[in-house]
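Asker: What follows is run.tsv, made up of TSV, C-alpha atoms:
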chain	number	residue	atom	x	y	z
Q	1	MET	CA	1.70	-5.81	-8.35
Q	2	LEU	CA	5.32	-4.83	-8.98
Q	3	PHE	CA	6.15	-1.30	-7.85
Q	4	GLY	CA	9.96	-1.37	-7.80
Q	5	LEU	CA	10.31	-1.23	-11.59
Q	6	ARG	CA	8.63	1.79	-13.18
Q	7	VAL	CA	8.38	3.85	-16.32
Q	8	THR	CA	8.47	7.62	-15.84
Q	9	SER	CA	5.38	9.55	-16.89
Q	10	ARG	CA	7.49	11.55	-19.38
Q	11	CYS	CA	8.70	8.34	-21.03
Q	12	LEU	CA	5.18	6.90	-21.20
Q	13	LYS	CA	3.81	10.05	-22.79
Q	14	ASP	CA	6.62	11.34	-25.00
Q	15	ASP	CA	8.50	8.18	-25.96
Q	16	LEU	CA	5.75	5.56	-25.97
Q	17	ALA	CA	2.93	7.95	-26.97
Q	18	TYR	CA	0.41	6.93	-24.33
Q	19	GLY	CA	-2.09	9.77	-24.08
Q	20	ASP	CA	-3.91	8.12	-21.21
Q	21	ASP	CA	-2.69	9.03	-17.71
Q	22	SER	CA	-3.54	5.56	-16.47
Q	23	ALA	CA	-0.80	3.92	-18.58
Q	24	ASP	CA	1.81	2.19	-16.45
Q	25	LEU	CA	4.46	-0.52	-16.58
Q	26	LEU	CA	1.89	-3.20	-17.23
Q	27	THR	CA	0.44	-1.27	-20.17
Q	28	ALA	CA	3.90	-0.59	-21.56
Q	29	MET	CA	4.88	-4.27	-21.44
Q	30	GLU	CA	3.45	-4.56	-24.95
Q	31	HIS	CA	6.80	-3.08	-26.06
Q	32	GLY	CA	9.76	-5.42	-26.30
Q	33	ILE	CA	12.20	-2.98	-24.72
Q	34	VAL	CA	9.96	-2.60	-21.66
Q	35	ARG	CA	9.83	-6.38	-21.31
Q	36	ASP	CA	13.63	-6.39	-21.55
Q	37	PHE	CA	13.75	-3.68	-18.88
Q	38	VAL	CA	11.73	-5.87	-16.51
Q	39	ARG	CA	13.69	-9.01	-17.35
Q	40	THR	CA	17.13	-7.48	-16.87
Q	41	ARG	CA	16.51	-5.01	-14.04
Q	42	SER	CA	14.62	-7.51	-11.89
Q	43	SER	CA	17.95	-9.02	-10.90
Q	44	GLU	CA	20.49	-6.37	-11.86
Q	45	PRO	CA	19.15	-2.87	-11.11
Q	46	ASP	CA	21.89	-1.04	-13.00
Q	47	GLY	CA	22.02	-3.53	-15.86
Q	48	THR	CA	25.27	-4.61	-17.48
Q	49	GLU	CA	25.45	-2.32	-20.51
Q	50	GLY	CA	27.25	0.52	-18.76
Q	51	VAL	CA	26.68	4.19	-18.17
Q	52	ILE	CA	25.50	6.71	-20.77
Q	53	ALA	CA	28.67	8.78	-21.22
Q	54	ALA	CA	26.95	12.09	-21.92
Q	55	LEU	CA	24.86	11.87	-18.77
Q	56	GLY	CA	27.03	9.98	-16.31
Q	57	VAL	CA	25.92	7.98	-13.27
Q	58	PRO	CA	23.16	7.04	-12.52
Q	59	PHE	CA	21.94	7.02	-16.13
Q	60	MET	CA	22.53	3.54	-17.50
Q	61	LYS	CA	22.13	2.07	-20.97
Q	62	LEU	CA	19.46	-0.46	-21.82
Q	63	LYS	CA	19.85	-2.27	-25.11
Q	64	ALA	CA	17.12	-4.34	-26.68
Q	65	GLY	CA	17.47	-5.95	-30.10
Q	66	ASP	CA	19.48	-4.25	-32.82
Q	67	ARG	CA	18.38	-0.66	-32.38
Q	68	ALA	CA	16.02	-0.14	-29.46
Q	69	ARG	CA	17.75	1.74	-26.65
Q	70	GLY	CA	16.71	2.97	-23.25
Q	71	VAL	CA	18.02	4.87	-20.27
Q	72	THR	CA	17.42	3.59	-16.75
Q	73	LEU	CA	18.30	4.89	-13.32
Q	74	TRP	CA	18.31	3.14	-10.00
Q	75	GLU	CA	17.22	5.23	-7.05
Q	76	LYS	CA	18.13	3.42	-3.86
Q	77	LYS	CA	16.31	6.05	-1.82
Q	78	PRO	CA	13.40	7.60	-3.73
Q	79	GLN	CA	12.97	11.19	-2.50
Q	80	GLY	CA	15.67	10.39	0.05
Q	81	ARG	CA	13.54	7.73	1.74
Q	82	ASP	CA	15.05	4.58	3.22
Q	83	ASN	CA	13.24	1.27	3.52
Q	84	ILE	CA	11.39	1.31	0.22
Q	85	GLN	CA	11.77	-2.17	-1.22
Q	86	ASP	CA	9.49	-4.16	-3.44
Q	87	PRO	CA	9.15	-7.61	-1.82
Q	88	ALA	CA	9.43	-9.16	-5.28
Q	89	LEU	CA	12.87	-7.64	-5.91
Q	90	PRO	CA	16.23	-8.40	-4.29
Q	91	PHE	CA	17.36	-4.77	-3.96
Q	92	PRO	CA	16.09	-1.60	-2.26
Q	93	GLY	CA	14.56	1.39	-4.02
Q	94	VAL	CA	13.17	1.79	-7.50
Q	95	VAL	CA	14.55	1.38	-11.03
Q	96	TRP	CA	13.05	3.85	-13.49
Q	97	LEU	CA	12.90	3.44	-17.23
Q	98	ALA	CA	13.38	7.10	-18.07
Q	99	GLY	CA	13.68	7.18	-21.84
Q	100	ILE	CA	13.32	5.04	-24.96
Q	101	GLY	CA	14.54	5.60	-28.51
Q	102	PHE	CA	16.36	4.03	-31.44
Q	103	ARG	CA	20.04	3.88	-32.25
Q	104	LYS	CA	20.75	5.97	-35.38
Q	105	GLU	CA	24.43	6.79	-35.18
Q	106	GLY	CA	25.30	10.23	-36.51
Q	107	ASP	CA	21.62	11.23	-36.67
Q	108	ARG	CA	20.06	13.95	-34.54
Q	109	GLY	CA	17.30	11.50	-33.67
Q	110	ASP	CA	19.75	8.94	-32.26
Q	111	ALA	CA	18.49	7.70	-28.86
Q	112	TYR	CA	21.63	8.71	-26.97
Q	113	GLU	CA	21.62	12.14	-28.61
Q	114	VAL	CA	18.02	12.62	-27.57
Q	115	PHE	CA	18.72	11.47	-24.01
Q	116	ALA	CA	21.64	13.89	-23.79
Q	117	ARG	CA	19.51	16.79	-25.01
Q	118	LEU	CA	16.78	15.96	-22.50
Q	119	GLY	CA	19.40	15.98	-19.78
Q	120	PRO	CA	19.17	14.74	-16.20
Q	121	ASP	CA	16.47	17.21	-15.16
Q	122	ARG	CA	13.90	15.97	-17.68
Q	123	LEU	CA	14.88	12.32	-17.35
Q	124	MET	CA	14.55	12.21	-13.59
Q	125	PRO	CA	11.22	11.15	-12.10
Q	126	THR	CA	8.84	13.99	-11.31
Q	127	GLN	CA	6.62	14.69	-8.33
Q	128	MET	CA	3.81	12.95	-10.23
Q	129	ASP	CA	5.98	9.84	-10.65
Q	130	TYR	CA	6.55	9.70	-6.90
Q	131	GLU	CA	2.85	10.18	-6.22
Q	132	LEU	CA	2.12	7.20	-8.43
Q	133	LEU	CA	4.87	5.17	-6.76
Q	134	TYR	CA	3.41	5.71	-3.29
Q	135	ALA	CA	-0.11	5.09	-4.60
Q	136	ASP	CA	1.05	1.75	-6.01
Q	137	ILE	CA	2.71	0.81	-2.71
Q	138	HIS	CA	-0.57	1.60	-0.97
Q	139	THR	CA	-2.53	-0.47	-3.47
Q	140	ALA	CA	-0.10	-3.40	-3.28
Q	141	THR	CA	-0.35	-3.42	0.53
Q	142	GLU	CA	-4.13	-3.21	0.41
Q	143	GLU	CA	-4.36	-6.08	-2.06
Q	144	ALA	CA	-1.99	-8.26	-0.03
Q	145	LEU	CA	-3.78	-7.51	3.23
Q	146	ARG	CA	-7.19	-8.03	1.67
Q	147	SER	CA	-6.07	-11.38	0.33
Q	148	ASP	CA	-4.69	-12.50	3.72
Q	149	LEU	CA	-7.70	-11.30	5.66
Q	150	ALA	CA	-10.31	-12.53	3.19
Q	151	ARG	CA	-9.05	-16.07	3.65
Q	152	ALA	CA	-8.82	-15.74	7.42
Q	153	MET	CA	-12.20	-14.02	7.75
Q	154	HIS	CA	-13.87	-16.76	5.75
Q	155	GLU	CA	-12.42	-19.40	8.07
Q	156	LEU	CA	-13.33	-17.29	11.07
Q	157	LEU	CA	-16.93	-17.12	9.93
Q	158	GLU	CA	-17.03	-20.83	9.31
Q	159	ARG	CA	-15.82	-21.47	12.83
Q	160	ALA	CA	-18.17	-18.87	14.26
Q	161	TRP	CA	-21.03	-20.96	12.98
Q	162	ARG	CA	-19.47	-24.28	14.01
Q	163	GLU	CA	-18.32	-23.66	17.54
Q	164	PRO	CA	-18.36	-21.17	20.39
Q	165	GLY	CA	-15.21	-19.11	20.51
Q	166	ARG	CA	-13.28	-16.15	21.63
Q	167	LEU	CA	-11.76	-13.05	20.16
Q	168	GLN	CA	-8.86	-13.44	17.79
Q	169	GLU	CA	-5.74	-11.41	18.48
Q	170	GLN	CA	-2.99	-11.22	15.93
Q	171	HIS	CA	0.44	-9.76	16.59
Q	172	ILE	CA	2.15	-8.07	13.73
Q	173	GLU	CA	5.11	-5.78	13.85
Q	174	ILE	CA	3.16	-2.55	13.86
Q	175	GLY	CA	1.16	-3.53	16.92
Q	176	ASP	CA	-1.64	-5.81	18.02
Q	177	ILE	CA	-4.50	-6.05	15.60
Q	178	ALA	CA	-7.58	-7.96	16.65
Q	179	VAL	CA	-10.54	-9.06	14.60
Q	180	GLY	CA	-13.66	-10.74	15.95
Q	181	ILE	CA	-17.00	-11.81	14.61
Q	182	VAL	CA	-20.11	-12.60	16.63
Q	183	VAL	CA	-22.90	-14.31	14.76
Q	184	PHE	CA	-26.51	-13.60	15.72
Q	185	ASP	CA	-29.67	-15.04	14.22
Q	186	TYR	CA	-30.23	-11.79	12.38
Q	187	GLY	CA	-26.72	-10.88	11.33
Q	188	GLU	CA	-23.02	-10.68	12.08
Q	189	TYR	CA	-21.43	-8.28	14.47
Q	190	ARG	CA	-17.94	-7.61	13.19
Q	191	VAL	CA	-15.32	-6.02	15.47
Q	192	ALA	CA	-11.88	-4.65	14.68
Q	193	VAL	CA	-9.60	-3.64	17.51
Q	194	LEU	CA	-6.91	-1.26	16.36
Q	195	PRO	CA	-4.06	-0.12	18.58
Q	196	LEU	CA	-3.55	3.63	18.40
Q	197	ILE	CA	-0.18	3.50	20.13
Q	198	ASP	CA	2.43	0.79	19.74
Q	199	ASP	CA	4.60	-0.87	22.38
Q	200	ARG	CA	7.19	1.91	22.10
Q	201	LYS	CA	4.49	4.49	22.87
Q	202	HIS	CA	4.61	5.83	19.34
Q	203	SER	CA	1.57	6.50	17.15
Q	204	VAL	CA	0.57	3.68	14.84
Q	205	PRO	CA	0.47	5.35	11.39
Q	206	GLU	CA	-2.96	6.64	10.47
Q	207	ASP	CA	-2.78	5.23	6.95
Q	208	ILE	CA	-2.25	1.73	8.28
Q	209	LEU	CA	-5.19	2.03	10.68
Q	210	LEU	CA	-7.47	3.30	7.93
Q	211	LEU	CA	-6.30	0.53	5.61
Q	212	PHE	CA	-7.07	-2.12	8.23
Q	213	ALA	CA	-10.52	-0.66	8.85
Q	214	ARG	CA	-11.31	-0.74	5.13
Q	215	VAL	CA	-10.08	-4.27	4.68
Q	216	VAL	CA	-11.75	-5.74	7.79
Q	217	PHE	CA	-15.17	-4.21	7.12
Q	218	GLY	CA	-15.08	-4.62	3.36
Q	219	ASP	CA	-16.75	-2.91	0.44
Q	220	GLU	CA	-20.32	-3.20	1.67
Q	221	CYS	CA	-19.57	-1.05	4.71
Q	222	ARG	CA	-20.04	2.72	4.96
Q	223	LEU	CA	-16.92	3.76	6.85
Q	224	GLU	CA	-18.51	6.82	8.42
Q	225	GLU	CA	-21.16	4.57	9.97
Q	226	LEU	CA	-18.72	2.42	11.93
Q	227	GLU	CA	-19.37	2.71	15.64
Q	228	PRO	CA	-17.48	2.04	18.86
Q	229	ALA	CA	-17.84	-1.64	19.69
Q	230	ASP	CA	-20.47	-2.56	22.28
Q	231	PRO	CA	-18.64	-3.24	25.59
Q	232	GLU	CA	-21.13	-6.01	26.41
Q	233	ILE	CA	-20.35	-7.88	23.21
Q	234	LEU	CA	-16.63	-7.29	23.66
Q	235	ARG	CA	-16.92	-8.93	27.07
Q	236	GLU	CA	-18.91	-11.78	25.56
Q	237	ILE	CA	-16.14	-12.57	23.15
Q	238	GLY	CA	-13.60	-12.38	25.93
Q	239	TYR	CA	-11.85	-9.19	24.99
Q	240	ARG	CA	-10.67	-6.70	27.59
Q	241	PRO	CA	-9.97	-3.41	25.83
Q	242	ARG	CA	-6.76	-1.63	26.60
Q	243	PRO	CA	-7.02	2.13	27.02
Q	244	THR	CA	-4.94	2.66	23.89
Q	245	ASP	CA	-7.17	0.51	21.66
Q	246	TRP	CA	-9.87	1.68	19.30
Q	247	ALA	CA	-12.59	-0.94	18.94
Q	248	LEU	CA	-14.79	-0.37	15.91
Q	249	ALA	CA	-17.82	-2.43	14.99
Q	250	GLN	CA	-20.53	-2.96	12.46
Q	251	LEU	CA	-23.70	-5.03	12.53
Q	252	ARG	CA	-24.28	-6.51	9.10
Q	253	GLU	CA	-26.35	-9.00	7.18
Q	254	PRO	CA	-25.26	-12.62	7.50
Q	255	SER	CA	-22.56	-13.46	4.99
Q	256	ARG	CA	-23.85	-14.60	1.62
Q	257	ALA	CA	-21.69	-17.70	1.65
Q	258	ARG	CA	-23.30	-18.98	4.82
Q	259	SER	CA	-26.86	-17.94	4.03
Q	260	GLN	CA	-26.85	-19.80	0.70
J	1	MET	CA	-28.15	-13.62	22.33
J	2	ALA	CA	-25.28	-14.63	20.15
J	3	VAL	CA	-25.64	-18.04	18.64
J	4	ALA	CA	-21.93	-18.42	18.05
J	5	THR	CA	-18.65	-16.60	18.22
J	6	ALA	CA	-15.22	-17.63	17.06
J	7	ARG	CA	-11.57	-16.95	17.27
J	8	GLN	CA	-8.86	-17.80	14.88
J	9	SER	CA	-5.29	-16.89	14.14
J	10	ILE	CA	-4.89	-14.45	11.32
J	11	LYS	CA	-1.42	-14.77	9.98
J	12	VAL	CA	-0.34	-12.11	7.58
J	13	SER	CA	1.91	-13.41	4.84
J	14	GLU	CA	5.57	-12.49	4.69
J	15	ARG	CA	4.86	-10.32	1.66
J	16	THR	CA	2.10	-8.45	3.47
J	17	GLY	CA	4.33	-7.96	6.50
J	18	ARG	CA	7.07	-6.49	4.32
J	19	LEU	CA	4.63	-4.19	2.56
J	20	LEU	CA	3.24	-2.99	5.87
J	21	ARG	CA	6.76	-2.18	7.01
J	22	VAL	CA	7.30	-0.11	3.84
J	23	LEU	CA	4.04	1.73	4.49
J	24	ALA	CA	5.04	2.36	8.10
J	25	ALA	CA	8.43	3.68	6.96
J	26	LEU	CA	6.72	6.12	4.58
J	27	ASP	CA	4.87	7.69	7.46
J	28	ASP	CA	7.19	10.54	8.31
J	29	SER	CA	4.80	12.38	10.55
J	30	SER	CA	5.97	12.96	14.10
J	31	GLN	CA	7.30	9.79	15.67
J	32	ALA	CA	7.96	11.24	19.09
J	33	GLU	CA	7.24	9.06	22.09
J	34	ILE	CA	4.00	9.95	23.81
J	35	ALA	CA	4.41	10.69	27.50
J	36	ASP	CA	2.42	8.49	29.89
J	37	GLU	CA	0.43	11.40	31.28
J	38	ALA	CA	-0.58	12.50	27.76
J	39	ILE	CA	-1.76	9.10	26.51
J	40	ALA	CA	-5.41	9.24	27.63
J	41	ARG	CA	-6.02	12.63	26.07
J	42	TYR	CA	-4.07	11.67	22.95
J	43	VAL	CA	-6.15	8.53	22.44
J	44	GLU	CA	-9.46	10.37	22.76
J	45	GLU	CA	-8.40	13.07	20.32
J	46	ARG	CA	-7.04	10.51	17.88
J	47	LYS	CA	-10.30	8.57	17.85
J	48	LYS	CA	-12.14	11.74	16.86
J	49	THR	CA	-9.60	12.54	14.15
J	50	LEU	CA	-9.72	9.01	12.78
J	51	LYS	CA	-13.51	8.99	12.75
J	52	GLY	CA	-13.35	12.10	10.58
J	53	ARG	CA	-10.73	10.54	8.35
J	54	LEU	CA	-12.90	7.44	7.83
J	55	GLY	CA	-15.61	9.78	6.52
J	56	GLU	CA	-13.13	11.47	4.19
J	57	VAL	CA	-11.92	8.11	2.87
J	58	GLN	CA	-15.50	7.00	2.23
J	59	LYS	CA	-16.09	10.23	0.30
J	60	LEU	CA	-13.03	9.53	-1.84
J	61	ILE	CA	-14.28	6.01	-2.54
J	62	ASP	CA	-17.72	7.35	-3.49
J	63	GLU	CA	-16.22	9.88	-5.86
J	64	GLY	CA	-13.38	7.95	-7.45
J	65	GLY	CA	-13.33	4.37	-6.22
J	66	GLU	CA	-10.51	2.57	-4.43
J	67	ARG	CA	-7.93	4.04	-6.79
J	68	ALA	CA	-8.81	7.54	-5.57
J	69	VAL	CA	-7.82	6.56	-2.03
J	70	ALA	CA	-4.42	5.33	-3.22
J	71	ARG	CA	-3.88	8.46	-5.36
J	72	ALA	CA	-4.70	10.74	-2.45
J	73	TYR	CA	-2.26	8.79	-0.30
J	74	GLY	CA	0.45	9.06	-2.98
J	75	LYS	CA	-0.07	12.78	-3.28
J	76	LYS	CA	0.15	13.29	0.46
J	77	ILE	CA	3.35	11.28	0.91
J	78	ALA	CA	5.12	12.78	-2.14
J	79	SER	CA	4.30	16.31	-1.04
J	80	ARG	CA	6.13	15.79	2.24
J	81	ARG	CA	9.45	15.93	0.36
Would you write the structure of this file as structure tokens?
Answerer:
Amino acid sequence: MLFGLRVTSRCLKDDLAYGDDSADLLTAMEHGIVRDFVRTRSSEPDGTEGVIAALGVPFMKLKAGDRARGVTLWEKKPQGRDNIQDPALPFPGVVWLAGIGFRKEGDRGDAYEVFARLGPDRLMPTQMDYELLYADIHTATEEALRSDLARAMHELLERAWREPGRLQEQHIEIGDIAVGIVVFDYGEYRVAVLPLIDDRKHSVPEDILLLFARVVFGDECRLEELEPADPEILREIGYRPRPTDWALAQLREPSRARSQ
Amino acid sequence: MAVATARQSIKVSERTGRLLRVLAALDDSSQAEIADEAIARYVEERKKTLKGRLGEVQKLIDEGGERAVARAYGKKIASRR
């Protein structure tokens, strides 16, 4: 999922006539100018066509074909926030496709005339656009984490059945995350150890902890039914809890893959 | 008795690591260092809060699916500016 190139909700609704709130960049790719937006802005966030004179920086021209025109703006710090960068793009921030129209020189409906009448206030992304941006970042992280963990959890389960073992501990930059699985005759006891405080004695962000819990325990788990891990089983798998850890567990049916 | 247990390295991909760093950067709640003497109490209170939040997240999933969780997150972060 690409979140660093976006179409504003005003542009989707008013210029591309999507009535459905769920329309997004992917939906809008059916239009040639949106495909051109993605192709050109993926490497050059401000494009090469220059600024729209009536609006000034940061409103840049996007030209596609003979008459299709757009206006884009590159926000290096959306809502003033540093460190937002799509891993698929070589630059920080977000490029918005803020308006689309057709070149009709001398006509009131000319794209640049329309953009000028809309003005910066209506072309800029709205609160809703930022909400959708952060939602997409959340979804992209969840999908990436789910993909990483799904592979690792499958291998972990395979090994759990093949050989005796110990608890896995994985270091990532936000702290130490541990995942363990104990296999019984009647089911699997899955454990996630989440650090509540990092090495600098700062809180690990709540959203990251909740995301990990969801990904580790999966869709078939009721989150409110997760319980503190059994100290006896934690000892059995060789884990010594630190006082700043939160060890959550769930006893579940044996995995389908293994039981088949 | 357990019939087997296992351990294995879970390596998050570079992409996942970068996304997690973005998510961490978006968390602009208090980032003050927690004093040593306050850690024990902080941890206990945080476990209770997080337990409640897990219930809230499950409710969101029940009502609107995974997308509802992401939308609620987006709304929360955007409203902090």
Asker: How many Å separate atom CA of Gln79 of chain Q from atom CA of Ala78 of chain J?
Answerer: 8.0 Å
Asker: To one decimal place, how far is atom CA of Asp148 of chain Q from atom CA of Lys59 of chain J in Å?
Answerer: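 So the two atoms, atom CA of Asp148 of chain Q and atom CA of Lys59 of chain J, lie 25.7 Å apart.
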Asker: From the options Q:Thr8, Q:Thr48, Q:Thr72, Q:Ser22, which residue's atoms come nearest to chain J, counting only C-alpha atoms?
Answerer: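 Among the listed residues, the smallest separation from chain J belongs to Q:Ser22.
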Asker: May I ask for the distance between atom CA of Ser9 of chain Q and atom CA of Ala53 of chain Q, given in Å to one decimal place?
Answerer: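 So the two atoms, atom CA of Ser9 of chain Q and atom CA of Ala53 of chain Q, lie 23.7 Å apart.
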Asker: If we count only C-alpha atoms and set the cut-off at 8 Å, which residues sit around Leu149 of chain Q, ignoring sequence neighbours fewer than 4 positions away in its own chain? Please answer as a PyMOL selection string.
Answerer: (chain Q and resi 145+153+215-216) or (chain J and resi 10+12)
Asker: Within 8 Å of chain Q, which residues of chain J are there when counting all atoms listed in the file? Please give them as an MDAnalysis selection string.
Answerer: chainID J and resid 1:13 15:27 31:35 39:40 43 46:47 50:55 57:58 67 70:79 81
Asker: Using the block above, I'd like segment 5-26 of chain Q written out, keeping N, CA and C atoms and formatting it as a PDB file, in the first residue's frame.
Answerer:
ATOM      1  N   LEU Q   5       1.595   9.104  -1.794  1.00  0.00           N
ATOM      2  CA  LEU Q   5       0.971   9.805  -2.923  1.00  0.00           C
ATOM      3  C   LEU Q   5      -0.533   9.687  -2.733  1.00  0.00           C
ATOM      4  N   ARG Q   6      -1.243  10.830  -2.704  1.00  0.00           N
ATOM      5  CA  ARG Q   6      -2.655  10.792  -2.336  1.00  0.00           C
ATOM      6  C   ARG Q   6      -3.470  11.763  -3.175  1.00  0.00           C
ATOM      7  N   VAL Q   7      -4.756  11.488  -3.239  1.00  0.00           N
ATOM      8  CA  VAL Q   7      -5.681  12.407  -3.900  1.00  0.00           C
ATOM      9  C   VAL Q   7      -6.553  13.002  -2.800  1.00  0.00           C
ATOM     10  N   THR Q   8      -6.713  14.313  -2.789  1.00  0.00           N
ATOM     11  CA  THR Q   8      -7.526  14.914  -1.720  1.00  0.00           C
ATOM     12  C   THR Q   8      -8.989  14.488  -1.882  1.00  0.00           C
ATOM     13  N   SER Q   9      -9.697  14.508  -0.775  1.00  0.00           N
ATOM     14  CA  SER Q   9     -11.113  14.083  -0.818  1.00  0.00           C
ATOM     15  C   SER Q   9     -11.930  15.056  -1.674  1.00  0.00           C
ATOM     16  N   ARG Q  10     -11.564  16.332  -1.677  1.00  0.00           N
ATOM     17  CA  ARG Q  10     -12.287  17.293  -2.527  1.00  0.00           C
ATOM     18  C   ARG Q  10     -12.096  16.941  -3.999  1.00  0.00           C
ATOM     19  N   CYS Q  11     -10.871  16.616  -4.378  1.00  0.00           N
ATOM     20  CA  CYS Q  11     -10.578  16.274  -5.769  1.00  0.00           C
ATOM     21  C   CYS Q  11     -11.317  14.995  -6.182  1.00  0.00           C
ATOM     22  N   LEU Q  12     -11.323  14.007  -5.305  1.00  0.00           N
ATOM     23  CA  LEU Q  12     -12.027  12.750  -5.619  1.00  0.00           C
ATOM     24  C   LEU Q  12     -13.510  13.005  -5.851  1.00  0.00           C
ATOM     25  N   LYS Q  13     -14.074  13.846  -5.006  1.00  0.00           N
ATOM     26  CA  LYS Q  13     -15.530  14.056  -5.055  1.00  0.00           C
ATOM     27  C   LYS Q  13     -15.914  15.040  -6.161  1.00  0.00           C
ATOM     28  N   ASP Q  14     -15.280  16.210  -6.153  1.00  0.00           N
ATOM     29  CA  ASP Q  14     -15.715  17.275  -7.065  1.00  0.00           C
ATOM     30  C   ASP Q  14     -15.146  17.132  -8.477  1.00  0.00           C
ATOM     31  N   ASP Q  15     -13.895  16.722  -8.584  1.00  0.00           N
ATOM     32  CA  ASP Q  15     -13.251  16.689  -9.905  1.00  0.00           C
ATOM     33  C   ASP Q  15     -13.402  15.331 -10.585  1.00  0.00           C
ATOM     34  N   LEU Q  16     -13.371  14.259  -9.795  1.00  0.00           N
ATOM     35  CA  LEU Q  16     -13.459  12.920 -10.389  1.00  0.00           C
ATOM     36  C   LEU Q  16     -14.833  12.289 -10.177  1.00  0.00           C
ATOM     37  N   ALA Q  17     -15.694  12.988  -9.445  1.00  0.00           N
ATOM     38  CA  ALA Q  17     -17.112  12.583  -9.293  1.00  0.00           C
ATOM     39  C   ALA Q  17     -17.308  11.231  -8.618  1.00  0.00           C
ATOM     40  N   TYR Q  18     -16.418  10.904  -7.667  1.00  0.00           N
ATOM     41  CA  TYR Q  18     -16.668   9.698  -6.879  1.00  0.00           C
ATOM     42  C   TYR Q  18     -17.607  10.062  -5.734  1.00  0.00           C
ATOM     43  N   GLY Q  19     -18.767   9.432  -5.698  1.00  0.00           N
ATOM     44  CA  GLY Q  19     -19.712   9.715  -4.621  1.00  0.00           C
ATOM     45  C   GLY Q  19     -19.408   8.900  -3.383  1.00  0.00           C
ATOM     46  N   ASP Q  20     -18.635   7.837  -3.593  1.00  0.00           N
ATOM     47  CA  ASP Q  20     -18.357   6.897  -2.513  1.00  0.00           C
ATOM     48  C   ASP Q  20     -17.160   7.384  -1.687  1.00  0.00           C
ATOM     49  N   ASP Q  21     -17.336   7.455  -0.368  1.00  0.00           N
ATOM     50  CA  ASP Q  21     -16.250   7.920   0.506  1.00  0.00           C
ATOM     51  C   ASP Q  21     -15.044   6.989   0.511  1.00  0.00           C
ATOM     52  N   SER Q  22     -15.235   5.764   0.048  1.00  0.00           N
ATOM     53  CA  SER Q  22     -14.120   4.821   0.123  1.00  0.00           C
ATOM     54  C   SER Q  22     -13.174   4.953  -1.079  1.00  0.00           C
ATOM     55  N   ALA Q  23     -13.513   5.835  -2.029  1.00  0.00           N
ATOM     56  CA  ALA Q  23     -12.614   6.021  -3.183  1.00  0.00           C
ATOM     57  C   ALA Q  23     -11.260   6.531  -2.707  1.00  0.00           C
ATOM     58  N   ASP Q  24     -10.209   6.067  -3.352  1.00  0.00           N
ATOM     59  CA  ASP Q  24      -8.864   6.499  -2.971  1.00  0.00           C
ATOM     60  C   ASP Q  24      -7.964   6.506  -4.210  1.00  0.00           C
ATOM     61  N   LEU Q  25      -6.669   6.598  -3.982  1.00  0.00           N
ATOM     62  CA  LEU Q  25      -5.735   6.659  -5.107  1.00  0.00           C
ATOM     63  C   LEU Q  25      -5.904   5.456  -6.031  1.00  0.00           C
ATOM     64  N   LEU Q  26      -6.027   4.300  -5.418  1.00  0.00           N
ATOM     65  CA  LEU Q  26      -6.135   3.074  -6.210  1.00  0.00           C
ATOM     66  C   LEU Q  26      -7.372   3.118  -7.112  1.00  0.00           C
TER      67      LEU Q  26
END
